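Visitor: Can you keep this structure in mind? I'll have questions shortly.
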Amino acid sequence: MTDTPGPPNADRPDSDGSVQDDKFAVKISVTPDTVTELLRRFDLDVGDRPHVEQTTETRGALYAFAPHEQIREMEAAGYTIEVGENVSETGRQRMAEVSEGDRFDGGRVPPRGLGRKPGRHDDGQGRESRKDGRAR
């Protein structure tokens, strides 16, 4: 894992006006005793639940996401941390790939593709018929 610095616009405000620090993927070296202490002491983003991968018979690696300030605090507390990619920047890059236009033209253009709505009796592209056969 390598440390990637945040971009110059990383301090953009969120929708609520607060500024979030970039988060980085981190791998924290832990033991069965220290993992519980670490999770109680630091409000870590571990996804839906903590995942510890056993690395030796007595140690493991806890995977999480953390901003630089929190990483510094954990290192100051004695934890060994491997810092990976800037996941905030990766998210911004992926969001830049998303179109800002309305591909459905305000509902006037039906969706196209392989998906089908269950219970449809047409080609899946038009308006769904009611039980009496009339269009809804």
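Each chain in the structure tokens gets a letter, A, B and so on, in the order shown; residues start at 1 in every chain, and ligands are counted from 1 in the order they appear.
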Would you write out, as a tab-separated table, a table of all residues in segment 17-45 of chain A that have an atom no more than 9 Å from an atom of segment 58-81 of chain A, listing for each the closest atom pair and the distance in Å to one decimal, considering only C-alpha atoms and ordering rows by chain and rising residue number?
Guide:
residue	atom	partner	partner_atom	distance
A:Gln20	CA	A:Pro67	CA	8.8
A:Asp21	CA	A:Pro67	CA	5.8
A:Asp22	CA	A:Pro67	CA	5.6
A:Lys23	CA	A:Pro67	CA	4.3
A:Phe24	CA	A:Phe65	CA	5.3
A:Ala25	CA	A:Phe65	CA	4.7
A:Val26	CA	A:Ala64	CA	5.4
A:Lys27	CA	A:Tyr63	CA	4.7
A:Ile28	CA	A:Ile81	CA	4.5
A:Ser29	CA	A:Ala61	CA	4.7
A:Val30	CA	A:Gly60	CA	5.3
A:Thr31	CA	A:Arg59	CA	4.7
A:Pro32	CA	A:Arg59	CA	7.3
A:Val35	CA	A:Leu62	CA	7.6
A:Leu38	CA	A:Met74	CA	8.3
A:Phe42	CA	A:Met74	CA	7.9
A:Asp43	CA	A:Gln70	CA	8.9
A:Leu44	CA	A:Ala64	CA	6.6
A:Asp45	CA	A:Phe65	CA	5.2
Visitor: Suppose you want the space between atom CA of Glu89 of chain A and atom CA of Gly101 of chain A; what is it in Å?
Guide: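 Computing the Euclidean distance for atom CA of Glu89 of chain A and atom CA of Gly101 of chain A yields 22.7 Å.
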Visitor: Calculate how many Å separate atom CA of Val98 of chain A from atom CA of Gly115 of chain A, rounding to one decimal.
Guide: 20.1 Å
Visitor: Tell me, in Å to one decimal, how far atom CA of Arg40 of chain A is from atom CA of Gly91 of chain A.
Guide: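 The value is 27.7 Å.
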Visitor: Can you list every residue in segment 4-117 of chain A that DSSP puts in helix (DSSP H, G or I), as JSON, numbers by chain?
Guide: {"A": [32, 33, 34, 35, 36, 37, 38, 39, 40, 41, 68, 69, 70, 71, 72, 73, 74, 75, 76, 87, 88, 89, 90, 91, 92, 93, 94, 95, 96, 105, 106, 107]}
Visitor: Any chance you could export the current selection's N, CA and C atoms as an mmCIF file, in the first residue's frame?
Guide:
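Saved the output as result-v8.cif:
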data_model
loop_
_atom_site.group_PDB
_atom_site.id
_atom_site.type_symbol
_atom_site.label_atom_id
_atom_site.label_comp_id
_atom_site.auth_asym_id
_atom_site.auth_seq_id
_atom_site.Cartn_x
_atom_site.Cartn_y
_atom_site.Cartn_z
ATOM 1 N N PRO A 32 -5.316 -9.962 19.225
ATOM 2 C CA PRO A 32 -6.697 -10.116 19.709
ATOM 3 C C PRO A 32 -7.054 -9.124 20.824
ATOM 4 N N ASP A 33 -6.086 -8.791 21.670
ATOM 5 C CA ASP A 33 -6.353 -7.841 22.762
ATOM 6 C C ASP A 33 -6.400 -6.396 22.266
ATOM 7 N N THR A 34 -5.508 -6.033 21.356
ATOM 8 C CA THR A 34 -5.442 -4.633 20.931
ATOM 9 C C THR A 34 -6.552 -4.261 19.951
ATOM 10 N N VAL A 35 -7.114 -5.223 19.227
ATOM 11 C CA VAL A 35 -8.164 -4.876 18.268
ATOM 12 C C VAL A 35 -9.394 -4.334 18.995
ATOM 13 N N THR A 36 -9.749 -4.922 20.112
ATOM 14 C CA THR A 36 -10.904 -4.444 20.882
ATOM 15 C C THR A 36 -10.633 -3.048 21.429
ATOM 16 N N GLU A 37 -9.445 -2.843 21.965
ATOM 17 C CA GLU A 37 -9.065 -1.523 22.490
ATOM 18 C C GLU A 37 -9.080 -0.475 21.379
ATOM 19 N N LEU A 38 -8.525 -0.826 20.225
ATOM 20 C CA LEU A 38 -8.468 0.092 19.086
ATOM 21 C C LEU A 38 -9.874 0.510 18.653
ATOM 22 N N LEU A 39 -10.787 -0.444 18.537
ATOM 23 C CA LEU A 39 -12.146 -0.136 18.089
ATOM 24 C C LEU A 39 -12.918 0.689 19.113
ATOM 25 N N ARG A 40 -12.618 0.507 20.395
ATOM 26 C CA ARG A 40 -13.277 1.306 21.436
ATOM 27 C C ARG A 40 -12.714 2.726 21.480
ATOM 28 N N ARG A 41 -11.427 2.849 21.275
ATOM 29 C CA ARG A 41 -10.746 4.131 21.430
ATOM 30 C C ARG A 41 -10.918 5.064 20.230
ATOM 31 N N HIS A 68 -5.994 11.405 7.564
ATOM 32 C CA HIS A 68 -4.604 11.519 8.054
ATOM 33 C C HIS A 68 -4.527 11.827 9.542
ATOM 34 N N GLU A 69 -5.371 12.717 10.043
ATOM 35 C CA GLU A 69 -5.302 13.087 11.457
ATOM 36 C C GLU A 69 -5.534 11.865 12.348
ATOM 37 N N GLN A 70 -6.499 11.051 12.003
ATOM 38 C CA GLN A 70 -6.782 9.855 12.791
ATOM 39 C C GLN A 70 -5.638 8.843 12.668
ATOM 40 N N ILE A 71 -5.040 8.755 11.498
ATOM 41 C CA ILE A 71 -3.892 7.865 11.307
ATOM 42 C C ILE A 71 -2.749 8.309 12.216
ATOM 43 N N ARG A 72 -2.485 9.617 12.264
ATOM 44 C CA ARG A 72 -1.426 10.143 13.134
ATOM 45 C C ARG A 72 -1.723 9.833 14.611
ATOM 46 N N GLU A 73 -2.984 9.973 15.012
ATOM 47 C CA GLU A 73 -3.366 9.684 16.401
ATOM 48 C C GLU A 73 -3.135 8.213 16.742
ATOM 49 N N MET A 74 -3.496 7.324 15.825
ATOM 50 C CA MET A 74 -3.305 5.890 16.080
ATOM 51 C C MET A 74 -1.818 5.540 16.125
ATOM 52 N N GLU A 75 -1.025 6.137 15.228
ATOM 53 C CA GLU A 75 0.421 5.891 15.251
ATOM 54 C C GLU A 75 1.026 6.419 16.547
ATOM 55 N N ALA A 76 0.562 7.583 17.011
ATOM 56 C CA ALA A 76 1.055 8.145 18.273
ATOM 57 C C ALA A 76 0.698 7.243 19.448
ATOM 58 N N VAL A 87 -9.012 6.808 -0.885
ATOM 59 C CA VAL A 87 -10.296 6.337 -1.393
ATOM 60 C C VAL A 87 -11.256 7.494 -1.677
ATOM 61 N N SER A 88 -11.057 8.626 -1.033
ATOM 62 C CA SER A 88 -11.883 9.805 -1.313
ATOM 63 C C SER A 88 -11.605 10.316 -2.722
ATOM 64 N N GLU A 89 -10.323 10.369 -3.088
ATOM 65 C CA GLU A 89 -9.963 10.819 -4.432
ATOM 66 C C GLU A 89 -10.465 9.835 -5.484
ATOM 67 N N THR A 90 -10.351 8.553 -5.208
ATOM 68 C CA THR A 90 -10.864 7.541 -6.144
ATOM 69 C C THR A 90 -12.363 7.733 -6.343
ATOM 70 N N GLY A 91 -13.073 8.013 -5.275
ATOM 71 C CA GLY A 91 -14.515 8.273 -5.371
ATOM 72 C C GLY A 91 -14.815 9.499 -6.212
ATOM 73 N N ARG A 92 -14.039 10.566 -6.021
ATOM 74 C CA ARG A 92 -14.242 11.770 -6.826
ATOM 75 C C ARG A 92 -13.983 11.496 -8.310
ATOM 76 N N GLN A 93 -12.954 10.708 -8.604
ATOM 77 C CA GLN A 93 -12.661 10.370 -9.999
ATOM 78 C C GLN A 93 -13.806 9.562 -10.615
ATOM 79 N N ARG A 94 -14.347 8.623 -9.860
ATOM 80 C CA ARG A 94 -15.455 7.806 -10.376
ATOM 81 C C ARG A 94 -16.719 8.658 -10.558
ATOM 82 N N MET A 95 -16.961 9.596 -9.648
ATOM 83 C CA MET A 95 -18.136 10.471 -9.766
ATOM 84 C C MET A 95 -18.020 11.380 -10.987
ATOM 85 N N ALA A 96 -16.786 11.741 -11.370
ATOM 86 C CA ALA A 96 -16.588 12.578 -12.549
ATOM 87 C C ALA A 96 -16.974 11.832 -13.824
ATOM 88 N N ASP A 105 -34.738 12.325 -20.452
ATOM 89 C CA ASP A 105 -35.404 13.536 -20.936
ATOM 90 C C ASP A 105 -36.675 13.820 -20.145
ATOM 91 N N GLY A 106 -36.518 13.890 -18.828
ATOM 92 C CA GLY A 106 -37.647 14.218 -17.959
ATOM 93 C C GLY A 106 -38.758 13.171 -17.978
ATOM 94 N N GLY A 107 -38.426 11.922 -18.285
ATOM 95 C CA GLY A 107 -39.418 10.853 -18.313
ATOM 96 C C GLY A 107 -40.012 10.610 -19.689
#
